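Enquirer: Before I ask anything, let me first share the structure, which is written out below as structure tokens.
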Amino acid sequence: MNDKVTAGGRFAALILSGIALSVSVNGAAAQQTLTVVSFGGSYQDGQSKALFQPAAKALGITLKEETYSGIADLRLKVKAGAVTWDIVASGSGSAARAGAEGILEKLDYKVIDTKDFLPQMATDYCVGGDVFSTVLAWNTKTFGENGPKSWADFWDVKKFPGKRSYRKGVAGALEPALMADGVPPNKVYEVLSSPGGIERAIKKVRELKPHVAVWWTSGAQHAQLMKDGEVDMITGWNGRFDVVAKDGAKVAYTFNQALLDYDCFAVPKGAPNKDLAMKFLAEISKPQYQAEFTKYITYGPTNKKAYDLGTIDAAYAKRLPSHPDNAAKQLTINLDWYIKFEAQAATAYENMLSE
């Protein structure tokens, strides 16, 4: 009898042990599923093929991809305590502001290696994924291949007559104005941070205002304007112009005095799998992944080593914003300035537009 009881007890213990092991294994498996969210379309398709899926395979995890419209969507989730995303793609400025307001986790740079990154392409709350430029572009039907080369030229309506298009939002709108007003690129943010600096920039935009036919609000819009030949000169994002140029748009641009900016990845506050997210970000920050992504859009890697691998065609590399030859000509966006002054600058800019 006792032997039977003992045997039965052992059997029951074995079953319970098996159940516990099953729960442990299933729990571990659940922890190895990561959810990444980005902007959809051809941009996320390229990210998926070059970054997300290869990195998931390398780490041996399951990856779920979702899309969103931007940080505002994340803000709602964080405030509701309903965060289901582990990593979000973002513009650098949006991520900087989100970090400042406390809806992102600080990144672990003991895990994520950014020693070979371009300067200012990794912050406490976001790590750079690709580099793009806000450039000066022109209609080659109007000006040929040798169009305007500086922001001073953009403002010179006598030397370069024609319709302009400029950004309706303040981001990337004040820096060109100051350079057109004679401020050296390396002094732009110093001037913008000083008393009267924002007003000086807005005054310069006001000079251009009568010649601005369209105030653009999106990348799709500014690309379409050039595709349709509606304006002669415009500001905008280099990758967008390259896409419409392939479709026959008469557009060229220069990296001279362009604004060097980047898209990045961040971890939401309260992400379900924060530690795994850090490992994933470490993986996709490696140069081989970033080099692969350049095949899908003319945005450059933030990791300088990507140019040393030999996998980016040399001629093609020279078209990318973060190529050393191009980066040297540009002004890198100062996120600290935007965190401190964007709200003030945006109000003043909107007032100027409504005058």
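Letters A, B, ... mark the chains of the structure tokens in the order given; residue numbers begin at 1 per chain; ligand numbers begin at 1, in order shown.
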Please identify the helix (DSSP H, G or I) residues within segment 66-268 of chain A (assignment by DSSP from backbone atoms) and present them as a count of residues only.
Expert: 77
Enquirer: Name all residues at most 12 Å from Thr298 of chain A (count only C-alpha atoms; drop same-chain ones fewer than 5 positions away) and give them as a short mmCIF file (atom, residue, chain, number, x, y, z; two decimals) with C-alpha atoms, in the first residue's frame.
Expert:
data_model
loop_
_atom_site.label_atom_id
_atom_site.label_comp_id
_atom_site.auth_asym_id
_atom_site.auth_seq_id
_atom_site.Cartn_x
_atom_site.Cartn_y
_atom_site.Cartn_z
CA TYR A 43 9.82 52.23 -46.63
CA GLY A 46 12.63 47.76 -47.33
CA ASP A 130 19.12 55.67 -41.75
CA VAL A 131 20.22 59.13 -42.80
CA PHE A 132 18.34 61.47 -45.11
CA SER A 133 18.79 65.07 -46.18
CA TRP A 237 13.87 65.03 -48.83
CA ASN A 238 16.45 63.59 -51.18
CA GLY A 239 15.01 60.07 -51.35
CA ARG A 240 11.62 61.36 -52.46
CA PHE A 241 13.18 63.30 -55.32
CA ASP A 242 15.19 60.26 -56.42
CA VAL A 243 12.01 58.19 -56.60
CA LYS A 246 13.17 57.49 -61.82
CA GLN A 290 22.42 49.17 -42.84
CA ALA A 291 24.36 48.59 -46.06
CA GLU A 292 21.61 46.25 -47.25
CA PHE A 293 18.88 48.83 -46.56
CA ILE A 312 27.43 49.23 -51.56
CA TYR A 316 25.78 54.54 -55.72
CA ALA A 317 27.39 55.23 -52.33
CA LYS A 318 28.32 58.71 -53.51
CA ARG A 319 24.62 59.48 -53.93
CA LEU A 320 23.81 58.72 -50.29
CA PRO A 321 23.42 61.53 -47.73
CA SER A 322 25.78 60.05 -45.15
CA HIS A 323 28.61 59.32 -47.58
#
Enquirer: List every residue of segment 40-251 of chain A that DSSP, applied to the backbone of this structure, assigns to strand (DSSP E), and report them as a VMD selection string.
Expert: chain A and resid 62 to 67 87 to 91 127 to 139 164 to 167 212 to 216 233 to 237 251
Enquirer: Counting only C-alpha atoms, what is within 7 Å of Trp215 of chain A, bar same-chain residues fewer than 2 positions away, as a PyMOL selection string?
Expert: chain A and resi 165-168+212-213+217
Enquirer: How would the residues just chosen look if you wrote them out with N, CA and C atoms as a CSV table (one decimal), in the first residue's frame?
Expert:
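Written file, result16.csv:
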chain,number,residue,atom,x,y,z
A,165,SER,N,8.7,76.6,-53.7
A,165,SER,CA,7.9,75.8,-52.7
A,165,SER,C,8.7,75.6,-51.5
A,166,TYR,N,8.1,75.9,-50.3
A,166,TYR,CA,8.8,75.8,-49.1
A,166,TYR,C,8.0,75.1,-48.0
A,167,ARG,N,8.6,74.6,-47.0
A,167,ARG,CA,7.9,73.8,-46.0
A,167,ARG,C,7.0,74.6,-45.2
A,168,LYS,N,5.7,74.1,-45.0
A,168,LYS,CA,4.8,74.8,-44.2
A,168,LYS,C,5.1,74.7,-42.7
A,212,VAL,N,6.7,82.2,-52.9
A,212,VAL,CA,6.4,80.8,-52.6
A,212,VAL,C,5.0,80.5,-53.1
A,213,ALA,N,4.9,79.6,-54.1
A,213,ALA,CA,3.6,79.3,-54.8
A,213,ALA,C,2.9,78.2,-53.9
A,217,THR,N,3.5,70.2,-47.2
A,217,THR,CA,3.3,69.6,-45.9
A,217,THR,C,3.7,68.2,-45.8
Enquirer: Give me the residues within 7 Å of segment 178-195 of chain A as a VMD selection string, counting only C-alpha atoms and dropping any in the same chain fewer than 5 places off.
Expert: chain A and resid 151 to 152 155 201 204 331
Enquirer: Using only C-alpha atoms, pick whichever of A:Pro272, A:Asp308, A:Gln344, A:Leu107 has the shortest atom-to-atom distance to Ala82 of chain A.
Expert: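 So, comparing all the options, the nearest one is A:Pro272.
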Enquirer: Restricting the calculation to only C-alpha atoms: of A:Phe160, A:Ala50, A:Ser92, A:Ala277, which residue gets closest to Val36 of chain A?
Expert: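 Using only C-alpha atoms, the shortest distance to Val36 of chain A belongs to A:Ala277.
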Enquirer: List the spatial neighbours of Val267 of chain A as a PyMOL selection string - criterion: any atom at most 12 Å away, only C-alpha atoms, same-chain residues fewer than 6 positions off excluded.
Expert: chain A and resi 34-37+71+74+78+83-90+95+98-99+102-108+124-127+273-281
Enquirer: Please save C-alpha atoms of the selected residues as a PDB file, in the first residue's frame.
Expert:
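And here's again_12.pdb as it stands now:
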ATOM      1  CA  LEU A  34       9.098  40.941 -30.590  1.00  0.00           C
ATOM      2  CA  THR A  35       6.706  43.521 -32.073  1.00  0.00           C
ATOM      3  CA  VAL A  36       8.124  46.254 -34.286  1.00  0.00           C
ATOM      4  CA  VAL A  37       6.095  49.117 -35.713  1.00  0.00           C
ATOM      5  CA  ILE A  71       4.521  59.007 -32.168  1.00  0.00           C
ATOM      6  CA  LEU A  74       2.314  55.613 -29.206  1.00  0.00           C
ATOM      7  CA  VAL A  78       1.467  54.782 -23.103  1.00  0.00           C
ATOM      8  CA  VAL A  83       1.731  49.294 -24.717  1.00  0.00           C
ATOM      9  CA  THR A  84       2.040  46.234 -26.965  1.00  0.00           C
ATOM     10  CA  TRP A  85       4.921  47.444 -29.143  1.00  0.00           C
ATOM     11  CA  ASP A  86       8.564  46.758 -28.354  1.00  0.00           C
ATOM     12  CA  ILE A  87      10.254  48.970 -30.964  1.00  0.00           C
ATOM     13  CA  VAL A  88       8.967  51.933 -32.960  1.00  0.00           C
ATOM     14  CA  ALA A  89      10.483  53.628 -35.986  1.00  0.00           C
ATOM     15  CA  SER A  90      10.452  57.412 -35.733  1.00  0.00           C
ATOM     16  CA  ALA A  95      11.724  60.651 -30.843  1.00  0.00           C
ATOM     17  CA  ALA A  98       8.882  61.768 -26.977  1.00  0.00           C
ATOM     18  CA  GLY A  99      11.924  60.952 -24.863  1.00  0.00           C
ATOM     19  CA  GLY A 102       8.804  60.394 -20.772  1.00  0.00           C
ATOM     20  CA  ILE A 103       7.100  57.975 -23.176  1.00  0.00           C
ATOM     21  CA  LEU A 104      10.285  56.190 -24.289  1.00  0.00           C
ATOM     22  CA  GLU A 105      12.735  53.953 -22.464  1.00  0.00           C
ATOM     23  CA  LYS A 106      16.380  54.965 -22.242  1.00  0.00           C
ATOM     24  CA  LEU A 107      18.451  52.806 -24.568  1.00  0.00           C
ATOM     25  CA  ASP A 108      21.161  50.500 -23.259  1.00  0.00           C
ATOM     26  CA  ASP A 124      19.464  58.508 -24.953  1.00  0.00           C
ATOM     27  CA  TYR A 125      16.121  57.584 -26.469  1.00  0.00           C
ATOM     28  CA  CYS A 126      16.692  56.728 -30.125  1.00  0.00           C
ATOM     29  CA  VAL A 127      19.345  55.019 -32.208  1.00  0.00           C
ATOM     30  CA  ASN A 273      10.155  42.859 -24.052  1.00  0.00           C
ATOM     31  CA  LYS A 274      12.552  45.702 -23.318  1.00  0.00           C
ATOM     32  CA  ASP A 275      15.715  43.616 -22.915  1.00  0.00           C
ATOM     33  CA  LEU A 276      15.097  41.682 -26.121  1.00  0.00           C
ATOM     34  CA  ALA A 277      14.383  44.978 -27.889  1.00  0.00           C
ATOM     35  CA  MET A 278      17.858  46.230 -26.934  1.00  0.00           C
ATOM     36  CA  LYS A 279      19.441  43.103 -28.406  1.00  0.00           C
ATOM     37  CA  PHE A 280      17.409  43.529 -31.588  1.00  0.00           C
ATOM     38  CA  LEU A 281      18.471  47.170 -31.928  1.00  0.00           C
TER      39      LEU A 281
END
Enquirer: Taking into account only C-alpha atoms, which residue in the set A:Asn139, A:Thr332, A:Asn351, A:Ser285 is nearest to Phe52 of chain A?
Expert: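 Of A:Asn139, A:Thr332, A:Asn351, A:Ser285, the one nearest Phe52 of chain A is A:Ser285, counting only C-alpha atoms.
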